[in-house]
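Source file: target_13.cif. Holds: mmCIF, C-alpha atoms and all ligand atoms.
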data_run
loop_
_atom_site.group_PDB
_atom_site.id
_atom_site.type_symbol
_atom_site.label_atom_id
_atom_site.label_comp_id
_atom_site.auth_asym_id
_atom_site.auth_seq_id
_atom_site.Cartn_x
_atom_site.Cartn_y
_atom_site.Cartn_z
ATOM 1 C CA MET V 25 35.008 -10.452 -8.810
ATOM 2 C CA PRO V 26 37.610 -8.036 -10.087
ATOM 3 C CA ASP V 27 39.141 -5.750 -7.551
ATOM 4 C CA VAL V 28 37.297 -2.678 -8.685
ATOM 5 C CA ALA V 29 36.749 0.030 -6.161
ATOM 6 C CA ALA V 30 33.130 0.867 -5.628
ATOM 7 C CA LEU V 31 32.262 4.502 -5.847
ATOM 8 C CA CYS V 32 30.780 6.388 -2.965
ATOM 9 C CA HIS V 33 27.139 7.067 -3.765
ATOM 10 C CA ILE V 34 27.440 10.471 -2.165
ATOM 11 C CA CYS V 35 30.568 12.011 -3.630
ATOM 12 C CA GLY V 36 31.685 9.464 -6.218
ATOM 13 C CA MET V 37 35.058 8.814 -4.665
ATOM 14 C CA PRO V 38 36.442 5.266 -4.633
ATOM 15 C CA SER V 39 35.259 3.504 -1.548
ATOM 16 C CA LYS V 40 35.902 0.252 0.228
ATOM 17 C CA HIS V 41 33.137 0.550 2.763
ATOM 18 C CA THR V 42 29.546 -0.577 2.404
ATOM 19 C CA CYS V 43 26.687 0.849 4.367
ATOM 20 C CA LYS V 44 24.891 -1.715 6.480
ATOM 21 C CA MET V 45 21.534 -0.092 5.976
ATOM 22 C CA CYS V 46 21.329 0.785 2.299
ATOM 23 C CA GLY V 47 24.111 -1.494 1.087
ATOM 24 C CA ARG V 48 25.616 1.238 -1.032
ATOM 25 C CA PRO V 49 29.301 2.026 -1.065
ATOM 26 C CA ALA V 50 30.599 4.950 0.909
ATOM 27 C CA CYS V 51 34.029 6.482 1.167
ATOM 28 C CA ASP V 52 35.935 7.217 4.348
ATOM 29 C CA MET V 53 34.416 10.649 4.532
ATOM 30 C CA HIS V 54 30.883 9.417 4.176
ATOM 31 C CA TYR V 55 31.102 6.248 6.168
ATOM 32 C CA ASP V 56 31.005 5.934 9.915
ATOM 33 C CA PRO V 57 32.845 2.816 11.061
ATOM 34 C CA ALA V 58 31.326 3.097 14.519
ATOM 35 C CA SER V 59 27.788 2.639 13.255
ATOM 36 C CA GLY V 60 28.559 0.975 9.937
ATOM 37 C CA LEU V 61 26.329 3.445 8.169
ATOM 38 C CA CYS V 62 26.923 5.939 5.437
ATOM 39 C CA SER V 63 26.420 9.558 6.351
ATOM 40 C CA SER V 64 23.271 9.531 4.257
ATOM 41 C CA CYS V 65 21.625 6.848 6.366
ATOM 42 C CA LYS V 66 23.151 8.161 9.532
ATOM 43 C CA GLY V 67 21.768 11.620 8.979
ATOM 44 C CA ARG V 68 18.405 10.358 7.864
ATOM 45 C CA GLY V 69 17.244 8.901 11.160
ATOM 46 C CA ARG V 70 16.903 11.314 13.986
ATOM 47 C CA THR V 71 16.884 8.503 16.475
ATOM 48 C CA MET V 72 20.498 7.597 16.684
ATOM 49 C CA LYS V 73 21.313 4.429 18.492
ATOM 50 C CA ARG V 74 24.095 4.887 20.956
ATOM 51 C CA GLN V 75 27.060 2.623 20.682
ATOM 52 C CA VAL V 76 27.509 0.558 23.769
HETATM 53 ZN ZN ZN V 101 31.938 10.028 -0.216
HETATM 54 ZN ZN ZN V 102 23.491 4.072 3.737
#
Written as structure tokens, that's how I'd like the structure from this file.
Ligand SMILES: [Zn+2]
Ligand SMILES: [Zn+2]
Amino acid sequence: MPDVAALCHICGMPSKHTCKMCGRPACDMHYDPASGLCSSCKGRGRTMKRQV
């Protein structure tokens, strides 16, 4: 695979993160390393699991 930066599905910025839930790329701004979710998925569920 060529080293092409995926684009954040929210803002379109180059991203190196991938959301665990939806599998779509997310940039630093729209990715939460603590949960591994993009802000889209993170904001979708009201029931947020607390990090241990
Ligand atoms: Zn973004
Ligand atoms: Zn997501």
Item to check | Non-local contacts of Cys35 (chain V) (10 Å; only C-alpha atoms; under 4 positions in same chain excluded) as a ChimeraX atom specification | outcome: /V:31,39,50-51,53-54
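If you look at CA of Ala58 (chain V) and CA of Lys44 (chain V), they are 11.4 Å away from each other.
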Which chain V residues have any atom within 6 Å of an atom of ligand ZN 102 (chain V), and for each, what is the nearest pair of atoms with distance in Å to one decimal, counting all atoms listed in the file, rows sorted by chain and number, as CSV?
residue,atom,partner,partner_atom,distance
V:Cys43,CA,V:ZN102,ZN,4.6
V:Met45,CA,V:ZN102,ZN,5.1
V:Cys46,CA,V:ZN102,ZN,4.2
V:Arg48,CA,V:ZN102,ZN,5.9
V:Leu61,CA,V:ZN102,ZN,5.3
V:Cys62,CA,V:ZN102,ZN,4.3
V:Ser64,CA,V:ZN102,ZN,5.5
V:Cys65,CA,V:ZN102,ZN,4.3
Next on the checklist: When you count all atoms listed in the file, which of these residues is closest to ligand ZN 101 (chain V): V:Cys32, V:Ser59, V:Thr42, V:Gly47?
Outcome noted: V:Cys32
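Note that the spacing between CA of Lys40 (chain V) and CA of Asp52 (chain V) amounts to 8.1 Å.
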